[in-house]
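Colleague: Below you'll find model.cif; it's mmCIF, C-alpha atoms.
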```cif
data_my_file
#
loop_
_atom_site.group_PDB
_atom_site.id
_atom_site.type_symbol
_atom_site.label_atom_id
_atom_site.label_comp_id
_atom_site.auth_asym_id
_atom_site.auth_seq_id
_atom_site.Cartn_x
_atom_site.Cartn_y
_atom_site.Cartn_z
ATOM 1 C CA MET A 1 204.511 68.216 7.969
ATOM 2 C CA ARG A 2 206.832 66.810 10.588
ATOM 3 C CA THR A 3 209.619 69.094 11.744
ATOM 4 C CA ALA A 4 213.081 67.591 12.155
ATOM 5 C CA VAL A 5 214.473 68.074 15.643
ATOM 6 C CA ALA A 6 218.177 67.802 16.392
ATOM 7 C CA ARG A 7 218.985 65.384 19.194
ATOM 8 C CA THR A 8 221.889 65.506 21.605
ATOM 9 C CA VAL A 9 223.026 62.103 22.836
ATOM 10 C CA VAL A 10 225.050 62.261 26.020
ATOM 11 C CA VAL A 11 227.452 59.341 26.078
ATOM 12 C CA SER A 12 228.543 58.166 29.510
ATOM 13 C CA ASP A 13 231.162 55.653 30.562
ATOM 14 C CA ARG A 14 228.566 53.094 31.665
ATOM 15 C CA LEU A 15 227.720 49.974 29.679
ATOM 16 C CA TYR A 16 224.830 50.456 27.282
ATOM 17 C CA THR A 17 222.242 47.762 26.585
ATOM 18 C CA ILE A 18 219.644 46.877 23.995
ATOM 19 C CA HIS A 19 217.088 48.561 26.250
ATOM 20 C CA ASP A 20 218.880 51.864 25.662
ATOM 21 C CA LEU A 21 218.604 51.280 21.916
ATOM 22 C CA LEU A 22 214.837 51.098 22.111
ATOM 23 C CA GLU A 23 214.869 54.707 23.321
ATOM 24 C CA LEU A 24 217.762 55.998 21.221
ATOM 25 C CA ASN A 25 216.290 54.598 18.004
ATOM 26 C CA GLU A 26 212.862 56.172 18.387
ATOM 27 C CA GLU A 27 213.930 58.461 15.554
ATOM 28 C CA ARG A 28 214.757 56.591 12.350
ATOM 29 C CA TRP A 29 218.285 58.016 11.937
ATOM 30 C CA PRO A 30 220.986 58.032 13.077
ATOM 31 C CA ARG A 31 220.722 54.387 14.080
ATOM 32 C CA PHE A 32 222.433 53.125 17.230
ATOM 33 C CA GLU A 33 223.666 49.624 17.991
ATOM 34 C CA VAL A 34 225.586 48.286 20.961
ATOM 35 C CA LEU A 35 228.493 45.845 21.106
ATOM 36 C CA GLY A 36 229.796 44.724 24.480
ATOM 37 C CA GLY A 37 228.176 47.751 26.092
ATOM 38 C CA THR A 38 229.735 50.247 23.666
ATOM 39 C CA LEU A 39 227.491 52.334 21.421
ATOM 40 C CA MET A 40 227.971 52.274 17.645
ATOM 41 C CA MET A 41 226.237 54.784 15.363
ATOM 42 C CA SER A 42 225.301 54.423 11.698
ATOM 43 C CA PRO A 43 224.276 57.349 9.466
ATOM 44 C CA ALA A 44 221.291 57.231 7.129
ATOM 45 C CA PRO A 45 221.924 54.936 4.133
ATOM 46 C CA ALA A 46 222.237 56.156 0.549
ATOM 47 C CA PRO A 47 219.163 55.838 -1.706
ATOM 48 C CA LYS A 48 220.451 52.796 -3.617
ATOM 49 C CA HIS A 49 221.143 51.063 -0.297
ATOM 50 C CA GLN A 50 217.505 51.585 0.668
ATOM 51 C CA ILE A 51 216.167 50.555 -2.745
ATOM 52 C CA PHE A 52 218.192 47.343 -2.780
ATOM 53 C CA GLY A 53 217.164 46.493 0.785
ATOM 54 C CA ASP A 54 213.471 47.109 0.112
ATOM 55 C CA ASN A 55 213.519 44.999 -3.052
ATOM 56 C CA LEU A 56 215.470 42.220 -1.359
ATOM 57 C CA GLN A 57 212.922 42.114 1.456
ATOM 58 C CA THR A 58 210.167 41.588 -1.114
ATOM 59 C CA LEU A 59 212.155 38.919 -2.956
ATOM 60 C CA LEU A 60 212.869 36.972 0.229
ATOM 61 C CA THR A 61 209.259 37.249 1.371
ATOM 62 C CA VAL A 62 207.995 35.846 -1.937
ATOM 63 C CA ALA A 63 210.586 33.050 -1.924
ATOM 64 C CA ALA A 64 210.114 31.975 1.723
ATOM 65 C CA PRO A 65 208.600 28.460 1.547
ATOM 66 C CA ARG A 66 207.241 28.078 5.083
ATOM 67 C CA GLY A 67 205.958 31.521 5.889
ATOM 68 C CA GLU A 68 209.214 32.888 7.270
ATOM 69 C CA ALA A 69 208.722 36.578 8.079
ATOM 70 C CA VAL A 70 211.231 38.989 6.554
ATOM 71 C CA ILE A 71 211.383 42.238 8.486
ATOM 72 C CA THR A 72 213.434 45.388 8.268
ATOM 73 C CA ALA A 73 215.376 47.440 10.830
ATOM 74 C CA SER A 74 214.284 45.531 13.942
ATOM 75 C CA HIS A 75 216.279 45.254 17.154
ATOM 76 C CA LEU A 76 218.119 41.991 17.699
ATOM 77 C CA ARG A 77 219.547 40.896 21.045
ATOM 78 C CA LEU A 78 222.650 38.743 20.660
ATOM 79 C CA CYS A 79 222.700 36.538 23.779
ATOM 80 C CA GLU A 80 223.312 39.401 26.230
ATOM 81 C CA ASP A 81 221.719 42.765 26.913
ATOM 82 C CA GLU A 82 225.005 44.552 26.187
ATOM 83 C CA THR A 83 225.073 43.424 22.529
ATOM 84 C CA GLY A 84 222.227 44.429 20.236
ATOM 85 C CA MET A 85 222.172 45.038 16.484
ATOM 86 C CA VAL A 86 219.671 46.453 13.989
ATOM 87 C CA PRO A 87 220.272 44.445 10.795
ATOM 88 C CA ASP A 88 218.980 45.769 7.487
ATOM 89 C CA LEU A 89 216.843 42.622 7.227
ATOM 90 C CA LEU A 90 215.994 39.674 9.438
ATOM 91 C CA VAL A 91 214.587 36.385 8.189
ATOM 92 C CA LEU A 92 212.746 34.875 11.145
ATOM 93 C CA HIS A 93 211.943 31.244 11.769
ATOM 94 C CA PRO A 94 208.291 30.337 11.105
ATOM 95 C CA GLY A 95 206.009 30.894 14.066
ATOM 96 C CA VAL A 96 208.069 33.594 15.794
ATOM 97 C CA ASN A 97 205.883 36.069 17.666
ATOM 98 C CA LEU A 98 206.123 39.366 15.793
ATOM 99 C CA GLU A 99 204.673 41.422 18.662
ATOM 100 C CA ARG A 100 208.079 41.979 20.240
ATOM 101 C CA THR A 101 210.141 45.020 21.137
ATOM 102 C CA TYR A 102 213.236 43.092 20.068
ATOM 103 C CA PHE A 103 214.083 39.625 18.787
ATOM 104 C CA GLU A 104 216.469 37.005 20.156
ATOM 105 C CA ALA A 105 219.203 35.273 18.166
ATOM 106 C CA GLU A 106 217.314 31.965 18.281
ATOM 107 C CA ASP A 107 214.403 33.625 16.464
ATOM 108 C CA VAL A 108 216.565 34.341 13.425
ATOM 109 C CA LEU A 109 217.241 32.143 10.405
ATOM 110 C CA ALA A 110 219.316 34.742 8.557
ATOM 111 C CA ALA A 111 220.619 38.270 9.112
ATOM 112 C CA VAL A 112 221.179 40.538 6.108
ATOM 113 C CA GLU A 113 223.383 43.618 5.900
ATOM 114 C CA VAL A 114 223.774 45.929 2.913
ATOM 115 C CA VAL A 115 227.306 47.257 3.317
ATOM 116 C CA SER A 116 227.580 51.028 3.756
ATOM 117 C CA PRO A 117 230.808 52.756 2.620
ATOM 118 C CA GLY A 118 231.244 54.472 5.978
ATOM 119 C CA ASN A 119 230.428 51.356 7.961
ATOM 120 C CA HIS A 120 232.063 48.589 5.928
ATOM 121 C CA LYS A 121 234.342 47.255 8.675
ATOM 122 C CA ASN A 122 231.400 46.736 10.998
ATOM 123 C CA ASP A 123 229.326 45.018 8.297
ATOM 124 C CA ARG A 124 232.138 42.785 7.013
ATOM 125 C CA ILE A 125 233.921 41.925 10.249
ATOM 126 C CA VAL A 126 232.364 43.115 13.510
ATOM 127 C CA LYS A 127 228.779 42.112 12.799
ATOM 128 C CA ALA A 128 229.797 38.855 11.154
ATOM 129 C CA ILE A 129 231.628 37.860 14.325
ATOM 130 C CA ALA A 130 228.729 38.941 16.555
ATOM 131 C CA TYR A 131 226.123 37.075 14.498
ATOM 132 C CA ALA A 132 228.296 33.963 14.370
ATOM 133 C CA GLU A 133 228.940 33.978 18.119
ATOM 134 C CA ALA A 134 225.174 34.190 18.647
ATOM 135 C CA GLY A 135 224.678 31.134 16.410
ATOM 136 C CA ILE A 136 222.611 32.709 13.629
ATOM 137 C CA PRO A 137 222.616 30.094 10.830
ATOM 138 C CA PHE A 138 223.082 32.393 7.816
ATOM 139 C CA TYR A 139 224.548 35.816 7.152
ATOM 140 C CA TRP A 140 223.900 37.544 3.836
ATOM 141 C CA ARG A 141 226.211 40.436 2.987
ATOM 142 C CA VAL A 142 225.375 42.719 0.072
ATOM 143 C CA GLU A 143 228.200 44.650 -1.570
ATOM 144 C CA LEU A 144 227.288 47.673 -3.708
ATOM 145 C CA ALA A 145 230.838 49.061 -4.095
ATOM 146 C CA PRO A 146 234.204 47.403 -4.827
ATOM 147 C CA PHE A 147 235.335 45.132 -1.985
ATOM 148 C CA PRO A 148 238.175 42.727 -1.108
ATOM 149 C CA GLY A 149 237.558 39.343 -2.710
ATOM 150 C CA GLN A 150 235.342 40.728 -5.451
ATOM 151 C CA GLY A 151 237.535 39.422 -8.268
ATOM 152 C CA GLU A 152 235.910 39.851 -11.670
ATOM 153 C CA ASP A 153 232.384 39.816 -10.267
ATOM 154 C CA ARG A 154 230.102 42.660 -11.323
ATOM 155 C CA LEU A 155 228.343 44.698 -8.664
ATOM 156 C CA PRO A 156 226.105 44.357 -6.789
ATOM 157 C CA VAL A 157 227.198 41.083 -5.218
ATOM 158 C CA VAL A 158 225.312 39.067 -2.601
ATOM 159 C CA LEU A 159 227.507 36.807 -0.458
ATOM 160 C CA VAL A 160 225.660 33.949 1.230
ATOM 161 C CA GLN A 161 227.536 32.783 4.323
ATOM 162 C CA GLU A 162 226.711 29.775 6.465
ATOM 163 C CA HIS A 163 227.560 29.226 10.120
ATOM 164 C CA THR A 164 230.223 26.533 10.454
ATOM 165 C CA GLY A 165 230.527 26.356 14.247
ATOM 166 C CA ASP A 166 233.394 28.805 14.621
ATOM 167 C CA GLY A 167 232.374 31.517 12.159
ATOM 168 C CA TYR A 168 230.880 31.992 8.719
ATOM 169 C CA ARG A 169 231.971 30.427 5.446
ATOM 170 C CA GLU A 170 230.862 31.718 2.065
ATOM 171 C CA VAL A 171 228.835 28.972 0.382
ATOM 172 C CA GLU A 172 227.059 30.785 -2.471
ATOM 173 C CA ARG A 173 227.279 34.074 -4.328
ATOM 174 C CA LEU A 174 225.000 36.099 -6.591
ATOM 175 C CA THR A 175 226.654 38.515 -9.025
ATOM 176 C CA ALA A 176 225.175 41.110 -11.338
ATOM 177 C CA GLY A 177 224.789 40.476 -15.039
ATOM 178 C CA SER A 178 222.976 37.142 -15.079
ATOM 179 C CA VAL A 179 220.329 35.266 -13.136
ATOM 180 C CA GLY A 180 221.923 33.201 -10.372
ATOM 181 C CA ASN A 181 220.603 30.637 -7.929
ATOM 182 C CA VAL A 182 221.080 30.202 -4.204
ATOM 183 C CA THR A 183 219.687 27.556 -1.871
ATOM 184 C CA ARG A 184 220.366 28.978 1.589
ATOM 185 C CA PRO A 185 218.348 29.665 3.670
ATOM 186 C CA PHE A 186 215.880 28.680 0.912
ATOM 187 C CA PRO A 187 215.998 28.549 -2.898
ATOM 188 C CA LEU A 188 215.622 31.665 -5.028
ATOM 189 C CA SER A 189 216.819 32.945 -8.393
ATOM 190 C CA ILE A 190 217.660 36.552 -9.273
ATOM 191 C CA ASP A 191 220.071 38.848 -11.068
ATOM 192 C CA PRO A 192 220.985 41.190 -8.186
ATOM 193 C CA ALA A 193 221.340 44.091 -10.614
ATOM 194 C CA VAL A 194 217.544 44.280 -10.964
ATOM 195 C CA LEU A 195 217.187 44.935 -7.230
ATOM 196 C CA LEU A 196 218.617 48.430 -7.790
ATOM 197 C CA ASP A 197 215.591 49.309 -9.936
ATOM 198 C CA PRO A 198 213.087 51.427 -7.942
ATOM 199 C CA ALA A 199 210.259 50.037 -10.130
ATOM 200 C CA TRP A 200 211.220 46.369 -9.750
ATOM 201 C CA GLN A 201 208.483 45.571 -7.223
ATOM 202 C CA ARG A 202 205.853 46.982 -9.569
ATOM 203 C CA THR A 203 207.171 44.700 -12.303
ATOM 204 C CA LEU A 204 207.054 41.709 -9.948
ATOM 205 C CA LEU A 205 203.473 42.385 -8.890
ATOM 206 C CA SER A 206 202.297 42.794 -12.500
ATOM 207 C CA ARG A 207 203.354 39.294 -13.518
#
```
Take the structure in this file and express it as structure tokens.
Modeller:
Amino acid sequence: MRTAVARTVVVSDRLYTIHDLLELNEERWPRFEVLGGTLMMSPAPAPKHQIFGDNLQTLLTVAAPRGEAVITASHLRLCEDETGMVPDLLVLHPGVNLERTYFEAEDVLAAVEVVSPGNHKNDRIVKAIAYAEAGIPFYWRVELAPFPGQGEDRLPVVLVQEHTGDGYREVERLTAGSVGNVTRPFPLSIDPAVLLDPAWQRTLLSR
């Protein structure tokens, strides 16, 4: 059995880079990211966050029409060494070399973040700006708790946002309670509520 070891991270006033993340993130949690040379830290996600993310990875992998790889928790360099994120999921363009220590923005078709209650400003605003500035075509944001702009939609909600040249614009939305359809970055149909079911993948594989 592996023994948990507490880590002390000494933060200096120098600029951090994605290369620092490769060392800092050797342990699974907490997870570090860097924006403009400044470290950001995310705590371990709640169980339903992990379940939804795992199921969504499977759904996207099955739906990908051209062999796009869908990977989890990989380092992503956003145009400069001083800005690097670790999205919940990355949908990579076909043919991208997977034997990499980190990926570049041009490798990515879509970035996916499942919003964490303690990190919602980063997921909704900071990361959206960073991904858009790097030119990533699509940004999927998953909301598991009430959020601004939710309206009457039932949770969970998946917001599909497309790069417009100066930011992201919501173009499609999946809401719980009925099967919905999206077309970006490729077509799929799902009721997002089922992605909270820990046994959903078993049901999918038994079809």
Colleague: On this structure, which residues satisfy the PyMOL selection byres ((chain A and resi 152-158) around 8), written as a list in words?
Modeller: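 For this structure, the PyMOL selection byres ((chain A and resi 152-158) around 8) captures Trp140, Arg141, Val142, Glu143, Leu144, Ala145, Pro146, Gln150, Gly151, Leu159, Val160, Arg173, Leu174, Thr175, Ala176, Gly177, Pro192 and Ala193 of chain A.
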Colleague: For each of A:Glu68, A:Glu104, A:Asp166, A:Glu113, take the minimum atom-to-atom distance to Glu133 in chain A, counting only C-alpha atoms, then give the residue where this is smallest.
Modeller: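 Between A:Glu68, A:Glu104, A:Asp166, A:Glu113, the residue approaching Glu133 in chain A most closely is A:Asp166.
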Colleague: Go through A:Val108, A:Val91, A:Val126, A:Val194 one by one, measure the shortest atom-to-atom distance of each to Gln57 in chain A using all atoms listed in the file, and give the residue with the smallest value.
Modeller: A:Val91
Colleague: What is the distance between CA of Gly118 in chain A and CA of Lys48 in chain A, in Å to one decimal?
Modeller: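 So the answer is 14.5 Å.
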Colleague: Give me the result of the PyMOL selection byres ((chain A and resi 107) around 8) on this file, residue by residue, as a list in words.
Modeller: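 Evaluating the PyMOL selection byres ((chain A and resi 107) around 8) on these coordinates yields Leu92, His93, Val96, Phe103, Glu104, Ala105, Glu106, Val108 and Leu109 of chain A.
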Colleague: Can I get the selected residues back with C-alpha atoms, as an mmCIF file, in the coordinates of the input?
Modeller:
```
data_model
loop_
_atom_site.group_PDB
_atom_site.id
_atom_site.type_symbol
_atom_site.label_atom_id
_atom_site.label_comp_id
_atom_site.auth_asym_id
_atom_site.auth_seq_id
_atom_site.Cartn_x
_atom_site.Cartn_y
_atom_site.Cartn_z
ATOM 1 C CA LEU A 92 212.746 34.875 11.145
ATOM 2 C CA HIS A 93 211.943 31.244 11.769
ATOM 3 C CA VAL A 96 208.069 33.594 15.794
ATOM 4 C CA PHE A 103 214.083 39.625 18.787
ATOM 5 C CA GLU A 104 216.469 37.005 20.156
ATOM 6 C CA ALA A 105 219.203 35.273 18.166
ATOM 7 C CA GLU A 106 217.314 31.965 18.281
ATOM 8 C CA VAL A 108 216.565 34.341 13.425
ATOM 9 C CA LEU A 109 217.241 32.143 10.405
#
```
Colleague: Given only C-alpha atoms as the basis, pick out the residue of A:Leu78, A:Met40, A:Leu56, A:Ala132 nearest to Asn25 in chain A.
Modeller: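 The closest residue to Asn25 in chain A is A:Met40.
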Colleague: What does the distance between CA of Val70 in chain A and CA of Pro148 in chain A come to in Å, to one decimal place?
Modeller: 28.3 Å
Colleague: Please report the interatomic distance between CA of Cys79 in chain A and CA of Asn97 in chain A in Å with one decimal.
Modeller: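 Pair CA of Cys79 in chain A / CA of Asn97 in chain A returns 17.9 Å.
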Colleague: Of the residues A:Lys121, A:Arg202, A:Arg184, A:Arg77, which is the one nearest to Pro65 in chain A, using all atoms listed in the file?
Modeller: A:Arg184
Colleague: Restricting the calculation to all atoms listed in the file: of A:Gly37, A:Gly135, A:Gly67, A:Pro30, which residue gets closest to Val86 in chain A?
Modeller: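 Of A:Gly37, A:Gly135, A:Gly67, A:Pro30, the one nearest Val86 in chain A, counting all atoms listed in the file, is A:Pro30.
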Colleague: I would like the residues chosen by the PyMOL selection byres ((chain A and resi 33) around 6) on the shown file; could you give them as a PyMOL selection string?
Modeller: chain A and resi 32+34+39-40+84-85
Colleague: Produce a file of the selected residues containing C-alpha atoms, as a PDB file, in the frame of the given file.
Modeller:
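Saved the output as part_10.pdb:
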```pdb
ATOM      1  CA  PHE A  32     222.433  53.125  17.230  1.00  0.00           C
ATOM      2  CA  VAL A  34     225.586  48.286  20.961  1.00  0.00           C
ATOM      3  CA  LEU A  39     227.491  52.334  21.421  1.00  0.00           C
ATOM      4  CA  MET A  40     227.971  52.274  17.645  1.00  0.00           C
ATOM      5  CA  GLY A  84     222.227  44.429  20.236  1.00  0.00           C
ATOM      6  CA  MET A  85     222.172  45.038  16.484  1.00  0.00           C
TER       7      MET A  85
END
```
Colleague: Counting all atoms listed in the file, which residue out of A:Asp81, A:His120, A:Leu196, A:Leu22 sits closest to Arg100 in chain A?
Modeller: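 With all atoms listed in the file as the atom set, the closest residue is A:Leu22.
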